[in-house]
Every structure is written in structure tokens, then in C-alpha cells.
file structure.txt (compact mmCIF, C-alpha atoms (C1' of nucleotides))
# COMPACT_ATOMS: atom_id res chain seq x y z
CA MET A 1 44.92 11.67 -26.76
CA LYS A 2 45.51 13.82 -29.76
CA VAL A 3 48.45 15.55 -31.35
CA LYS A 4 48.54 19.31 -31.77
CA SER A 5 50.93 21.59 -33.58
CA ARG A 6 51.84 25.13 -34.29
CA ILE A 7 53.99 26.18 -37.20
CA TRP A 8 55.48 29.54 -37.97
CA ILE A 9 57.93 31.10 -40.37
CA GLU A 10 60.97 33.03 -39.23
CA LYS A 11 63.16 35.53 -41.00
CA ASP A 12 66.53 36.23 -39.39
CA ASN A 13 65.42 34.29 -36.33
CA THR A 14 62.50 36.56 -35.63
CA PRO A 15 58.85 35.64 -36.16
CA PHE A 16 57.48 36.52 -39.56
CA LEU A 17 54.23 34.61 -39.97
CA GLY A 18 52.32 32.45 -37.55
CA TYR A 19 48.80 31.50 -36.67
CA GLY A 20 47.91 34.77 -34.93
CA ARG A 21 49.37 36.96 -37.64
CA ILE A 22 47.49 35.07 -40.31
CA GLN A 23 44.24 35.55 -38.41
CA LEU A 24 44.98 39.23 -38.27
CA LEU A 25 45.79 39.51 -41.96
CA LYS A 26 42.57 37.73 -42.84
CA GLU A 27 40.58 40.08 -40.68
CA VAL A 28 42.22 43.12 -42.25
CA ASP A 29 41.35 41.68 -45.64
CA LYS A 30 37.76 41.37 -44.54
CA THR A 31 37.36 44.77 -42.88
CA HIS A 32 39.83 46.93 -44.83
CA SER A 33 40.90 48.41 -41.50
CA MET A 34 43.62 47.69 -38.97
CA SER A 35 41.56 49.08 -36.12
CA ALA A 36 38.43 47.14 -37.04
CA ALA A 37 40.47 43.94 -37.41
CA ALA A 38 42.04 44.47 -34.00
CA LYS A 39 38.70 45.04 -32.35
CA SER A 40 37.20 42.00 -34.02
CA LEU A 41 40.00 39.85 -32.62
CA ASN A 42 39.83 41.49 -29.17
CA MET A 43 43.35 42.77 -29.65
CA SER A 44 44.63 46.25 -28.89
CA TYR A 45 45.10 48.43 -31.92
CA LYS A 46 48.68 49.00 -30.92
CA LYS A 47 49.51 45.33 -30.96
CA ALA A 48 47.82 44.79 -34.30
CA TRP A 49 49.68 47.74 -35.70
CA ARG A 50 53.02 46.40 -34.47
CA LEU A 51 52.42 42.90 -35.81
CA LEU A 52 51.23 44.10 -39.20
CA ASN A 53 54.17 46.42 -39.55
CA GLU A 54 56.59 43.66 -38.66
CA ILE A 55 55.05 41.51 -41.36
CA ASN A 56 55.08 44.26 -43.89
CA SER A 57 58.66 45.27 -43.32
CA SER A 58 59.99 41.70 -43.36
CA ALA A 59 58.21 40.59 -46.48
CA LYS A 60 60.09 40.98 -49.70
CA GLU A 61 57.06 42.52 -51.36
CA PRO A 62 54.44 44.79 -49.76
CA VAL A 63 51.66 42.95 -47.97
CA LEU A 64 49.64 46.00 -46.93
CA GLU A 65 48.47 49.05 -48.76
CA LYS A 66 47.61 51.79 -46.34
CA GLN A 67 45.57 54.91 -46.82
CA ILE A 68 46.17 57.50 -44.12
CA GLY A 69 43.62 60.30 -43.88
CA GLY A 70 40.93 60.84 -46.46
CA LYS A 71 37.19 61.00 -46.34
CA ASP A 72 36.75 57.98 -44.12
CA GLY A 73 40.00 58.50 -42.25
CA GLY A 74 41.78 55.92 -44.32
CA GLY A 75 42.03 52.15 -44.37
CA THR A 76 44.29 49.20 -45.03
CA TYR A 77 44.16 46.66 -47.83
CA ILE A 78 45.94 43.37 -48.42
CA THR A 79 47.92 43.20 -51.65
CA PRO A 80 47.59 40.24 -54.00
CA TYR A 81 51.03 39.15 -52.77
CA GLY A 82 49.70 39.27 -49.21
CA LYS A 83 46.70 37.19 -50.12
CA GLY A 84 49.04 34.65 -51.64
CA LEU A 85 51.02 34.52 -48.40
CA ILE A 86 47.87 33.78 -46.43
CA LYS A 87 46.87 30.99 -48.75
CA ARG A 88 50.32 29.43 -48.86
CA PHE A 89 50.67 29.50 -45.09
CA GLU A 90 47.29 27.90 -44.57
CA ASN A 91 48.11 25.20 -47.09
CA LEU A 92 51.39 24.43 -45.34
CA ASN A 93 49.70 24.33 -41.97
CA GLN A 94 46.96 22.04 -43.21
CA ALA A 95 49.51 19.71 -44.75
CA CYS A 96 51.29 19.53 -41.42
CA VAL A 97 48.12 18.76 -39.50
CA THR A 98 47.15 16.04 -41.95
CA PHE A 99 50.61 14.52 -41.81
CA LEU A 100 50.72 14.51 -38.03
CA GLU A 101 47.30 12.98 -37.64
CA ALA A 102 48.25 10.17 -39.98
CA GLU A 103 51.51 9.60 -38.11
CA PHE A 104 49.80 9.73 -34.77
CA LYS A 105 47.63 6.77 -35.66
CA LYS A 106 50.75 4.64 -35.26
CA TRP A 107 51.13 5.99 -31.74
CA MET B 108 63.28 32.23 -44.13
CA LYS B 109 62.72 28.96 -42.39
CA VAL B 110 59.79 27.07 -41.01
CA LYS B 111 59.57 26.18 -37.33
CA SER B 112 57.17 23.99 -35.44
CA ARG B 113 56.13 22.80 -32.05
CA ILE B 114 54.10 19.69 -31.50
CA TRP B 115 52.51 18.43 -28.32
CA ILE B 116 50.12 15.74 -27.20
CA GLU B 117 46.97 16.53 -25.27
CA LYS B 118 44.79 14.39 -23.11
CA ASP B 119 41.32 15.75 -22.36
CA ASN B 120 42.38 19.06 -23.88
CA THR B 121 45.19 19.61 -21.41
CA PRO B 122 48.88 19.33 -22.25
CA PHE B 123 50.36 15.92 -21.70
CA LEU B 124 53.69 15.85 -23.51
CA GLY B 125 55.57 18.60 -25.30
CA TYR B 126 59.08 19.70 -26.03
CA GLY B 127 59.79 21.06 -22.55
CA ARG B 128 58.38 18.07 -20.74
CA ILE B 129 60.42 15.70 -22.86
CA GLN B 130 63.58 17.66 -22.05
CA LEU B 131 62.72 17.33 -18.41
CA LEU B 132 62.05 13.61 -18.59
CA LYS B 133 65.35 13.06 -20.34
CA GLU B 134 67.18 15.00 -17.69
CA VAL B 135 65.51 13.02 -14.92
CA ASP B 136 66.55 9.86 -16.71
CA LYS B 137 70.11 11.14 -16.75
CA THR B 138 70.32 12.38 -13.17
CA HIS B 139 67.86 10.09 -11.35
CA SER B 140 66.58 13.17 -9.54
CA MET B 141 63.82 15.68 -10.07
CA SER B 142 65.70 18.42 -8.28
CA ALA B 143 68.93 17.83 -10.18
CA ALA B 144 67.03 17.79 -13.47
CA ALA B 145 65.32 21.06 -12.63
CA LYS B 146 68.60 22.73 -11.74
CA SER B 147 70.24 21.47 -14.90
CA LEU B 148 67.47 23.02 -16.99
CA ASN B 149 67.44 26.26 -14.97
CA MET B 150 63.91 25.52 -13.88
CA SER B 151 62.49 25.84 -10.39
CA TYR B 152 62.06 22.57 -8.55
CA LYS B 153 58.42 23.37 -8.05
CA LYS B 154 57.73 23.72 -11.75
CA ALA B 155 59.56 20.52 -12.56
CA TRP B 156 57.65 18.72 -9.84
CA ARG B 157 54.32 19.99 -11.17
CA LEU B 158 55.08 19.06 -14.78
CA LEU B 159 56.36 15.62 -13.91
CA ASN B 160 53.37 14.87 -11.75
CA GLU B 161 51.01 15.99 -14.48
CA ILE B 162 52.72 13.64 -16.88
CA ASN B 163 52.68 10.79 -14.44
CA SER B 164 49.04 11.11 -13.53
CA SER B 165 47.84 11.45 -17.12
CA ALA B 166 49.79 8.54 -18.52
CA LYS B 167 48.02 5.23 -18.59
CA GLU B 168 51.06 3.51 -17.14
CA PRO B 169 53.54 4.93 -14.61
CA VAL B 170 56.29 7.03 -16.11
CA LEU B 171 58.16 7.78 -12.91
CA GLU B 172 59.29 5.65 -10.06
CA LYS B 173 59.95 7.75 -7.00
CA GLN B 174 61.91 6.95 -3.92
CA ILE B 175 61.12 9.29 -1.06
CA GLY B 176 63.55 9.28 1.82
CA GLY B 177 66.29 6.72 2.15
CA LYS B 178 70.02 6.89 2.43
CA ASP B 179 70.49 9.52 -0.25
CA GLY B 180 67.19 11.23 0.41
CA GLY B 181 65.56 9.44 -2.47
CA GLY B 182 65.45 9.85 -6.22
CA THR B 183 63.31 9.45 -9.29
CA TYR B 184 63.65 6.99 -12.14
CA ILE B 185 62.01 6.72 -15.53
CA THR B 186 60.18 3.48 -16.15
CA PRO B 187 60.70 1.51 -19.36
CA TYR B 188 57.27 2.74 -20.43
CA GLY B 189 58.43 6.31 -19.83
CA LYS B 190 61.54 5.76 -21.90
CA GLY B 191 59.34 4.48 -24.68
CA LEU B 192 57.26 7.64 -24.51
CA ILE B 193 60.34 9.79 -24.87
CA LYS B 194 61.54 7.87 -27.87
CA ARG B 195 58.16 7.84 -29.58
CA PHE B 196 57.65 11.55 -29.05
CA GLU B 197 61.06 12.38 -30.43
CA ASN B 198 60.44 10.21 -33.46
CA LEU B 199 57.13 11.92 -34.14
CA ASN B 200 58.67 15.33 -33.72
CA GLN B 201 61.55 14.51 -36.03
CA ALA B 202 59.17 13.20 -38.65
CA CYS B 203 57.24 16.44 -38.48
CA VAL B 204 60.36 18.57 -38.85
CA THR B 205 61.54 16.54 -41.82
CA PHE B 206 58.15 16.73 -43.47
CA LEU B 207 57.86 20.48 -42.98
CA GLU B 208 61.32 21.19 -44.30
CA ALA B 209 60.59 19.23 -47.44
CA GLU B 210 57.26 21.01 -47.91
CA PHE B 211 58.83 24.37 -47.26
CA LYS B 212 61.14 23.96 -50.23
CA LYS B 213 58.09 24.51 -52.42
CA TRP B 214 57.48 27.82 -50.65
C1' DT C 215 67.40 7.37 16.80
C1' DA C 216 70.08 10.93 14.26
C1' DT C 217 71.41 12.18 9.75
C1' DC C 218 70.99 13.40 5.05
C1' DG C 219 69.33 14.80 0.64
C1' DC C 220 65.51 14.22 -1.74
C1' DT C 221 60.33 14.84 -2.56
C1' DA C 222 56.15 17.68 -1.36
C1' DT C 223 53.66 21.96 -1.05
C1' DA C 224 52.19 26.71 0.50
C1' DT C 225 53.21 31.61 0.42
C1' DT C 226 55.36 35.65 -1.16
C1' DT C 227 57.89 38.38 -4.44
C1' DA C 228 59.51 39.85 -9.01
C1' DC C 229 59.14 40.59 -13.72
C1' DA C 230 57.90 40.78 -18.36
C1' DA C 231 54.27 41.01 -21.49
C1' DA C 232 49.95 42.88 -22.50
C1' DA C 233 46.50 46.17 -22.02
C1' DA C 234 44.86 50.74 -21.20
C1' DC C 235 45.22 55.39 -21.85
C1' DA C 236 46.44 59.49 -24.21
C1' DT C 237 47.45 62.25 -28.11
C1' DA C 238 49.29 63.61 -32.59
C1' DA C 239 49.12 63.39 -37.67
C1' DC C 240 46.92 62.80 -41.91
C1' DG C 241 44.11 64.22 -46.10
C1' DA C 242 39.73 63.79 -48.91
C1' DA C 243 35.39 65.93 -48.95
C1' DC C 244 32.28 69.35 -47.93
C1' DG D 245 39.48 75.62 -43.10
C1' DT D 246 36.57 72.24 -40.39
C1' DT D 247 35.24 67.66 -39.76
C1' DC D 248 35.88 62.79 -39.49
C1' DG D 249 37.70 58.20 -38.78
C1' DT D 250 41.71 56.14 -39.54
C1' DT D 251 46.80 55.37 -38.86
C1' DA D 252 50.88 56.38 -35.76
C1' DT D 253 53.32 56.29 -31.43
C1' DG D 254 54.65 57.36 -26.62
C1' DT D 255 53.53 56.64 -21.62
C1' DT D 256 51.44 54.47 -17.78
C1' DT D 257 48.98 50.74 -15.52
C1' DT D 258 47.56 46.06 -15.00
C1' DT D 259 47.88 41.38 -14.80
C1' DG D 260 49.21 36.77 -15.28
C1' DT D 261 53.12 33.78 -15.04
C1' DA D 262 57.38 32.40 -13.21
C1' DA D 263 60.74 32.58 -9.71
C1' DA D 264 62.16 32.91 -4.96
C1' DT D 265 61.57 31.69 -0.39
C1' DA D 266 60.24 28.80 3.33
C1' DT D 267 59.23 24.64 5.58
C1' DA D 268 57.49 19.98 6.34
C1' DG D 269 57.78 14.90 5.49
C1' DC D 270 60.08 10.80 4.33
C1' DG D 271 62.89 6.46 5.31
C1' DA D 272 67.23 3.58 4.48
C1' DT D 273 71.45 3.49 6.69
C1' DA D 274 74.72 3.89 10.18
call {"tool": "encode", "arguments": {"input": "structure.txt", "output": "C-alpha cells"}}
result
Amino acid sequence: MKVKSRIWIEKDNTPFLGYGRIQLLKEVDKTHSMSAAAKSLNMSYKKAWRLLNEINSSAKEPVLEKQIGGKDGGGTYITPYGKGLIKRFENLNQACVTFLEAEFKKW
Amino acid sequence: MKVKSRIWIEKDNTPFLGYGRIQLLKEVDKTHSMSAAAKSLNMSYKKAWRLLNEINSSAKEPVLEKQIGGKDGGGTYITPYGKGLIKRFENLNQACVTFLEAEFKKW
DNA sequence: TATCGCTATATTTACAAAAACATAACGAAC
DNA sequence: GTTCGTTATGTTTTTGTAAATATAGCGATA
């Protein structure tokens, strides 16, 4: 028996950040490309594009910096604000997991 | 912006207790009937039956006491052990929510 | 032994979410 | 002004999950 959890952040009752979106952001940060990140996560480009745009348009500061066209076709980069979001979310999630595991010992 | 969470308990990596199952157990406790509980939660009887049986067969003590046939066709009751499970799960869940909301203030 | 409403379970149908497919637009570099 | 790989976005197809449907079994009570 073990306890599991998922946390996410909502803005106006719609999903803003959750586990999957964080994975995606991290992969974009690594590859500098929405399409490469999608492929690496076995996700369709379209879905990745939709999720990333939802994040970007809900955040109060830009999370993505996109380059459309150009010598290599373009690319996508995570802003320092975006990197902060990733870190803060992961910290919150880890705190939750730690808390729950401690509580669950009393189960 | 607000933080949301879902917690659940797994046994052998398969779901044992989660939010939906707890709702269902509570409704069975109220109605003394699997079919009435399912209807009240707008769930098919079959799904309720499957979930409740999964719970019952994974728990180390019986959670349900079923009466098949009989003057009113039968019914289903929650054992004291089952009632304890409900209460403990809800306590754990509430603790998690409270913890997360406090943490989220630092966001 | 007939009834009644509940549990038990298989089969079919419907639907929504995801994937697949297709195609346009972009702009730096050569 | 052609090429290239990326972002952008609409349309169609697939698929996996849930609901709907159907039917059998049960047993206390009258």
C-alpha cells in the first residue's frame, strides 16, 4: 500500500500547470524546439503546441520565446521566468509527496 | 490561481482507494444499495459494481457486506472497517489540501 | 412456490479525446 | 528567390473508455 498524488495549478478554473505540462516545458528547455520536445515525449506536435500556448497565454509573464522561420526553421526557448515556474512547481510537488508519505505512515 | 490535488492509495500498483471510490462507498453507506448508490452518482451499475468489488477484494478486511436475494432483493452494507477506511482517507485528503494551500501562499 | 428488487455479468453501442494526416506560413542564409 | 526546418492550424480517422442494453441468479417472505 502506498499513497500517490497529483497536483496542478488552475487559473480561472482551467488547467495551467500540471505534471505533463512541466515535463513538456523541461523538454523544450532541453531541445529548444516544440516539435523535438513533442517527439521525445511521444506526443503529437499539435497537442504540444496547444498545451504550450495555453501555458504561455495564461502566465502573467512570457514563458516561451519563439523564433519562427530563420536558418534552422526557428525554435523555442524557455524564458528565465519560465524556468522559475518549473522549479517552483517541482518544489511544491516534492513538498506534497514528502508530506503525504510522512502522513501515510500513520495509516 | 489556485492549487488542486488528487490523492489515491495503491495496492500492488493498482488503484485501491481514491476520491471517486470514496464517494461511492459513502453513497452505499447512505442507501444500503449498490444500485441506488450508482444511480445517485449518475454512474452505471456495472461500473459501481466493478469498483466496489475491486475495493472489497483488495482490502485486508471486508469492506462490504452483501445480501443477495431476500425480501427486498438484497442490499449492501459498509462494515465498521469500511467506515474507518472512509474516515481515514478523508482525513488524509483534508490534511493534504490544507498543507498545499498553506504552501501555495508562498507561490 | 411465486414474487420482488437487488446483485452479477456478458454483449453491444455511443462518444469524446487523441492521434494521424495534410498543408500553409515564416524568415535567415546562401 | 530558393531552400530548409520549424511553427501554425484545419480536417479526418482511430481508438479506448464509458454507457446502454440485456439477461440470469438469488433467497427471504408471504
call {"tool": "closest_atom_pairs", "arguments": {"input": "structure.txt", "of": "chain C", "to": "chain B", "cutoff": "9 Å", "atoms": "all atoms listed in the file", "output": "CSV"}}
result
residue,atom,partner,partner_atom,distance
C:DC218,C1',B:Gly180,CA,6.4
C:DG219,C1',B:Gly180,CA,4.2
C:DC220,C1',B:Gly180,CA,4.0
C:DT221,C1',B:Ile175,CA,5.8
C:DA222,C1',B:Trp156,CA,8.7
C:DT223,C1',B:Lys153,CA,8.6
call {"tool": "closest_atom_pairs", "arguments": {"input": "structure.txt", "of": "chain A", "to": "chain B", "cutoff": "12 Å", "atoms": "all atoms listed in the file", "output": "CSV"}}
result
residue,atom,partner,partner_atom,distance
A:Met1,CA,B:Lys118,CA,4.6
A:Lys2,CA,B:Glu117,CA,5.4
A:Val3,CA,B:Ile116,CA,4.5
A:Lys4,CA,B:Trp115,CA,5.3
A:Ser5,CA,B:Ile114,CA,4.2
A:Arg6,CA,B:Arg113,CA,5.4
A:Ile7,CA,B:Ser112,CA,4.2
A:Trp8,CA,B:Lys111,CA,5.3
A:Ile9,CA,B:Val110,CA,4.5
A:Glu10,CA,B:Lys109,CA,5.4
A:Lys11,CA,B:Met108,CA,4.5
A:Asp12,CA,B:Met108,CA,7.0
A:Asn13,CA,B:Met108,CA,8.3
A:Thr14,CA,B:Met108,CA,9.6
A:Pro15,CA,B:Lys111,CA,9.6
A:Phe16,CA,B:Met108,CA,8.5
A:Leu17,CA,B:Val110,CA,9.4
A:Gly18,CA,B:Lys111,CA,9.6
A:Tyr19,CA,B:Ser112,CA,11.3
A:Ser58,CA,B:Met108,CA,10.1
A:Ala59,CA,B:Met108,CA,10.1
A:Lys60,CA,B:Met108,CA,10.9
A:Gly84,CA,B:Trp214,CA,10.9
A:Leu85,CA,B:Trp214,CA,9.6
A:Lys87,CA,B:Trp214,CA,11.2
A:Arg88,CA,B:Trp214,CA,7.6
A:Phe89,CA,B:Trp214,CA,9.0
A:Glu90,CA,B:Trp214,CA,11.9
A:Asn91,CA,B:Glu210,CA,10.1
A:Leu92,CA,B:Glu210,CA,7.3
A:Asn93,CA,B:Leu207,CA,9.1
A:Gln94,CA,B:Leu207,CA,11.0
A:Ala95,CA,B:Glu210,CA,8.5
A:Cys96,CA,B:Leu207,CA,6.8
A:Val97,CA,B:Cys203,CA,9.5
A:Thr98,CA,B:Cys203,CA,10.7
A:Phe99,CA,B:Cys203,CA,7.7
A:Leu100,CA,B:Cys203,CA,6.8
A:Glu101,CA,B:Leu199,CA,10.5
A:Ala102,CA,B:Leu199,CA,10.8
A:Glu103,CA,B:Leu199,CA,7.3
A:Phe104,CA,B:Leu199,CA,7.7
A:Lys105,CA,B:Leu199,CA,10.9
A:Lys106,CA,B:Leu199,CA,9.7
A:Trp107,CA,B:Arg195,CA,7.6
call {"tool": "calpha_fit_and_write", "arguments": {"input": "structure.txt", "fixed": "chain A", "moving": "chain B", "output": "mmCIF file with C-alpha atoms, in the frame of the given file"}}
result
data_model
loop_
_atom_site.group_PDB
_atom_site.id
_atom_site.type_symbol
_atom_site.label_atom_id
_atom_site.label_comp_id
_atom_site.auth_asym_id
_atom_site.auth_seq_id
_atom_site.Cartn_x
_atom_site.Cartn_y
_atom_site.Cartn_z
ATOM 1 C CA MET B 108 44.896 11.815 -26.706
ATOM 2 C CA LYS B 109 45.505 13.966 -29.712
ATOM 3 C CA VAL B 110 48.445 15.671 -31.297
ATOM 4 C CA LYS B 111 48.551 19.439 -31.718
ATOM 5 C CA SER B 112 50.953 21.669 -33.560
ATOM 6 C CA ARG B 113 51.900 25.214 -34.281
ATOM 7 C CA ILE B 114 54.018 26.217 -37.214
ATOM 8 C CA TRP B 115 55.526 29.582 -38.008
ATOM 9 C CA ILE B 116 57.966 31.110 -40.440
ATOM 10 C CA GLU B 117 61.007 33.035 -39.291
ATOM 11 C CA LYS B 118 63.176 35.518 -41.059
ATOM 12 C CA ASP B 119 66.562 36.213 -39.476
ATOM 13 C CA ASN B 120 65.444 34.258 -36.424
ATOM 14 C CA THR B 121 62.520 36.541 -35.690
ATOM 15 C CA PRO B 122 58.879 35.615 -36.221
ATOM 16 C CA PHE B 123 57.503 36.533 -39.595
ATOM 17 C CA LEU B 124 54.251 34.632 -40.023
ATOM 18 C CA GLY B 125 52.345 32.450 -37.593
ATOM 19 C CA TYR B 126 48.829 31.467 -36.735
ATOM 20 C CA GLY B 127 47.934 34.724 -34.988
ATOM 21 C CA ARG B 128 49.379 36.940 -37.672
ATOM 22 C CA ILE B 129 47.511 35.062 -40.366
ATOM 23 C CA GLN B 130 44.253 35.512 -38.452
ATOM 24 C CA LEU B 131 44.980 39.192 -38.297
ATOM 25 C CA LEU B 132 45.790 39.499 -41.980
ATOM 26 C CA LYS B 133 42.584 37.718 -42.875
ATOM 27 C CA GLU B 134 40.582 40.041 -40.701
ATOM 28 C CA VAL B 135 42.212 43.092 -42.255
ATOM 29 C CA ASP B 136 41.358 41.674 -45.651
ATOM 30 C CA LYS B 137 37.759 41.352 -44.532
ATOM 31 C CA THR B 138 37.363 44.740 -42.871
ATOM 32 C CA HIS B 139 39.830 46.915 -44.818
ATOM 33 C CA SER B 140 40.926 48.371 -41.489
ATOM 34 C CA MET B 141 43.612 47.629 -38.953
ATOM 35 C CA SER B 142 41.565 48.998 -36.092
ATOM 36 C CA ALA B 143 38.436 47.076 -37.043
ATOM 37 C CA ALA B 144 40.464 43.884 -37.409
ATOM 38 C CA ALA B 145 42.020 44.370 -33.994
ATOM 39 C CA LYS B 146 38.650 44.931 -32.362
ATOM 40 C CA SER B 147 37.182 41.897 -34.067
ATOM 41 C CA LEU B 148 39.975 39.728 -32.674
ATOM 42 C CA ASN B 149 39.808 41.329 -29.212
ATOM 43 C CA MET B 150 43.316 42.624 -29.668
ATOM 44 C CA SER B 151 44.585 46.095 -28.863
ATOM 45 C CA TYR B 152 45.060 48.341 -31.862
ATOM 46 C CA LYS B 153 48.646 48.863 -30.859
ATOM 47 C CA LYS B 154 49.469 45.175 -30.939
ATOM 48 C CA ALA B 155 47.789 44.706 -34.286
ATOM 49 C CA TRP B 156 49.654 47.693 -35.658
ATOM 50 C CA ARG B 157 52.986 46.332 -34.427
ATOM 51 C CA LEU B 158 52.403 42.841 -35.824
ATOM 52 C CA LEU B 159 51.215 44.087 -39.180
ATOM 53 C CA ASN B 160 54.143 46.426 -39.536
ATOM 54 C CA GLU B 161 56.566 43.662 -38.665
ATOM 55 C CA ILE B 162 55.038 41.515 -41.360
ATOM 56 C CA ASN B 163 55.085 44.290 -43.884
ATOM 57 C CA SER B 164 58.673 45.279 -43.307
ATOM 58 C CA SER B 165 60.000 41.718 -43.362
ATOM 59 C CA ALA B 166 58.213 40.624 -46.499
ATOM 60 C CA LYS B 167 60.103 41.028 -49.718
ATOM 61 C CA GLU B 168 57.073 42.574 -51.369
ATOM 62 C CA PRO B 169 54.445 44.820 -49.751
ATOM 63 C CA VAL B 170 51.682 42.976 -47.965
ATOM 64 C CA LEU B 171 49.662 45.991 -46.904
ATOM 65 C CA GLU B 172 48.498 49.043 -48.712
ATOM 66 C CA LYS B 173 47.642 51.794 -46.281
ATOM 67 C CA GLN B 174 45.592 54.879 -46.775
ATOM 68 C CA ILE B 175 46.184 57.452 -44.071
ATOM 69 C CA GLY B 176 43.644 60.225 -43.826
ATOM 70 C CA GLY B 177 40.988 60.775 -46.436
ATOM 71 C CA LYS B 178 37.246 60.903 -46.385
ATOM 72 C CA ASP B 179 36.787 57.902 -44.126
ATOM 73 C CA GLY B 180 39.994 58.458 -42.215
ATOM 74 C CA GLY B 181 41.800 55.881 -44.277
ATOM 75 C CA GLY B 182 42.043 52.115 -44.327
ATOM 76 C CA THR B 183 44.316 49.195 -45.014
ATOM 77 C CA TYR B 184 44.178 46.663 -47.817
ATOM 78 C CA ILE B 185 45.959 43.392 -48.435
ATOM 79 C CA THR B 186 47.928 43.243 -51.649
ATOM 80 C CA PRO B 187 47.607 40.287 -54.018
ATOM 81 C CA TYR B 188 51.029 39.192 -52.790
ATOM 82 C CA GLY B 189 49.718 39.303 -49.224
ATOM 83 C CA LYS B 190 46.714 37.211 -50.150
ATOM 84 C CA GLY B 191 49.067 34.689 -51.671
ATOM 85 C CA LEU B 192 51.023 34.537 -48.432
ATOM 86 C CA ILE B 193 47.884 33.806 -46.470
ATOM 87 C CA LYS B 194 46.873 31.028 -48.792
ATOM 88 C CA ARG B 195 50.317 29.454 -48.894
ATOM 89 C CA PHE B 196 50.671 29.535 -45.129
ATOM 90 C CA GLU B 197 47.290 27.946 -44.615
ATOM 91 C CA ASN B 198 48.108 25.232 -47.114
ATOM 92 C CA LEU B 199 51.378 24.460 -45.367
ATOM 93 C CA ASN B 200 49.700 24.399 -41.997
ATOM 94 C CA GLN B 201 46.945 22.111 -43.211
ATOM 95 C CA ALA B 202 49.472 19.758 -44.735
ATOM 96 C CA CYS B 203 51.276 19.591 -41.423
ATOM 97 C CA VAL B 204 48.098 18.851 -39.483
ATOM 98 C CA THR B 205 47.110 16.117 -41.909
ATOM 99 C CA PHE B 206 50.553 14.575 -41.786
ATOM 100 C CA LEU B 207 50.688 14.604 -37.995
ATOM 101 C CA GLU B 208 47.259 13.087 -37.594
ATOM 102 C CA ALA B 209 48.183 10.242 -39.894
ATOM 103 C CA GLU B 210 51.462 9.670 -38.051
ATOM 104 C CA PHE B 211 49.747 9.843 -34.703
ATOM 105 C CA LYS B 212 47.573 6.869 -35.569
ATOM 106 C CA LYS B 213 50.685 4.734 -35.169
ATOM 107 C CA TRP B 214 51.104 6.099 -31.644
#
call {"tool": "interface_residues", "arguments": {"input": "structure.txt", "of": "chain D", "to": "chain A", "cutoff": "12 Å", "atoms": "all atoms listed in the file", "output": "list of chain:residue names"}}
result
D:DT247, D:DC248, D:DG249, D:DT250, D:DT251, D:DA252, D:DT253, D:DG254
call {"tool": "atom_distance", "arguments": {"input": "structure.txt", "atom1": "CA of Leu132 in chain B", "atom2": "C1' of DA230 in chain C"}}
result
27.5 Å
call {"tool": "axis_aligned_box", "arguments": {"input": "structure.txt", "around": "range 126-136 of chain B", "padding_each_side": "6 Å", "output": "lines of an AutoDock Vina configuration file"}}
result
center_x = 62.8
center_y = 15.5
center_z = -20.5
size_x = 20.8
size_y = 23.2
size_z = 23.1
call {"tool": "atom_distance", "arguments": {"input": "structure.txt", "atom1": "CA of Ala155 in chain B", "atom2": "C1' of DT273 in chain D"}}
result
28.3 Å
call {"tool": "atom_distance", "arguments": {"input": "structure.txt", "atom1": "CA of Glu27 in chain A", "atom2": "CA of Leu52 in chain A"}}
result
11.5 Å
call {"tool": "residues_around", "arguments": {"input": "structure.txt", "residues": "DT259 in chain D", "least_positions_apart": "5", "cutoff": "12 Å", "atoms": "only C-alpha atoms (C1' of nucleotides)", "output": "list in words"}}
result
DC229, DA230, DA231, DA232, DA233 and DA234 of chain C
call {"tool": "residues_around", "arguments": {"input": "structure.txt", "residues": "DA224 in chain C", "least_positions_apart": "4", "cutoff": "12 Å", "atoms": "all atoms listed in the file", "output": "list of chain:residue names"}}
result
B:Lys153, D:DT265, D:DA266, D:DT267, D:DA268
call {"tool": "write_last_selection", "arguments": {"input": "structure.txt", "atoms": "C-alpha atoms (C1' of nucleotides)", "output": "CSV table (one decimal), in the coordinates of the input"}}
result
chain,number,residue,atom,x,y,z
B,153,LYS,CA,58.4,23.4,-8.0
D,265,DT,C1',61.6,31.7,-0.4
D,266,DA,C1',60.2,28.8,3.3
D,267,DT,C1',59.2,24.6,5.6
D,268,DA,C1',57.5,20.0,6.3
call {"tool": "residues_around", "arguments": {"input": "structure.txt", "residues": "Ser151 in chain B", "least_positions_apart": "6", "cutoff": "9 Å", "atoms": "all atoms listed in the file", "output": "tab-separated table (two decimals) with C-alpha atoms (C1' of nucleotides), in the coordinates of the input"}}
result
chain	number	residue	atom	x	y	z
B	142	SER	CA	65.70	18.42	-8.28
B	145	ALA	CA	65.32	21.06	-12.63
D	262	DA	C1'	57.38	32.40	-13.21
D	263	DA	C1'	60.74	32.58	-9.71
D	264	DA	C1'	62.16	32.91	-4.96
call {"tool": "decode", "arguments": {"input": "structure.txt", "residues": "range 245-272 of chain D", "atoms": "C-alpha atoms (C1' of nucleotides)", "output": "mmCIF file, in the first residue's frame"}}
result
data_model
loop_
_atom_site.group_PDB
_atom_site.id
_atom_site.type_symbol
_atom_site.label_atom_id
_atom_site.label_comp_id
_atom_site.auth_asym_id
_atom_site.auth_seq_id
_atom_site.Cartn_x
_atom_site.Cartn_y
_atom_site.Cartn_z
ATOM 1 C "C1'" DG D 245 14.469 33.971 -54.978
ATOM 2 C "C1'" DT D 246 15.213 29.067 -53.363
ATOM 3 C "C1'" DT D 247 15.884 26.100 -49.643
ATOM 4 C "C1'" DC D 248 15.171 24.366 -45.095
ATOM 5 C "C1'" DG D 249 13.247 23.050 -40.684
ATOM 6 C "C1'" DT D 250 10.430 24.990 -37.651
ATOM 7 C "C1'" DT D 251 5.904 26.954 -36.028
ATOM 8 C "C1'" DA D 252 0.789 27.251 -37.045
ATOM 9 C "C1'" DT D 253 -3.728 25.313 -37.794
ATOM 10 C "C1'" DG D 254 -7.621 22.872 -40.018
ATOM 11 C "C1'" DT D 255 -9.654 18.256 -41.188
ATOM 12 C "C1'" DT D 256 -10.226 13.424 -40.867
ATOM 13 C "C1'" DT D 257 -9.589 8.958 -38.685
ATOM 14 C "C1'" DT D 258 -8.783 5.993 -34.857
ATOM 15 C "C1'" DT D 259 -9.193 4.202 -30.532
ATOM 16 C "C1'" DG D 260 -10.017 3.497 -25.839
ATOM 17 C "C1'" DT D 261 -13.354 4.282 -22.289
ATOM 18 C "C1'" DA D 262 -17.885 4.696 -20.655
ATOM 19 C "C1'" DA D 263 -22.664 3.989 -21.186
ATOM 20 C "C1'" DA D 264 -26.587 1.348 -22.680
ATOM 21 C "C1'" DT D 265 -28.802 -2.847 -23.142
ATOM 22 C "C1'" DA D 266 -29.931 -7.458 -21.952
ATOM 23 C "C1'" DT D 267 -30.466 -11.297 -19.059
ATOM 24 C "C1'" DA D 268 -29.539 -14.609 -15.382
ATOM 25 C "C1'" DG D 269 -29.310 -15.788 -10.368
ATOM 26 C "C1'" DC D 270 -30.524 -15.259 -5.707
ATOM 27 C "C1'" DG D 271 -33.412 -16.142 -1.399
ATOM 28 C "C1'" DA D 272 -36.458 -14.281 2.479
#
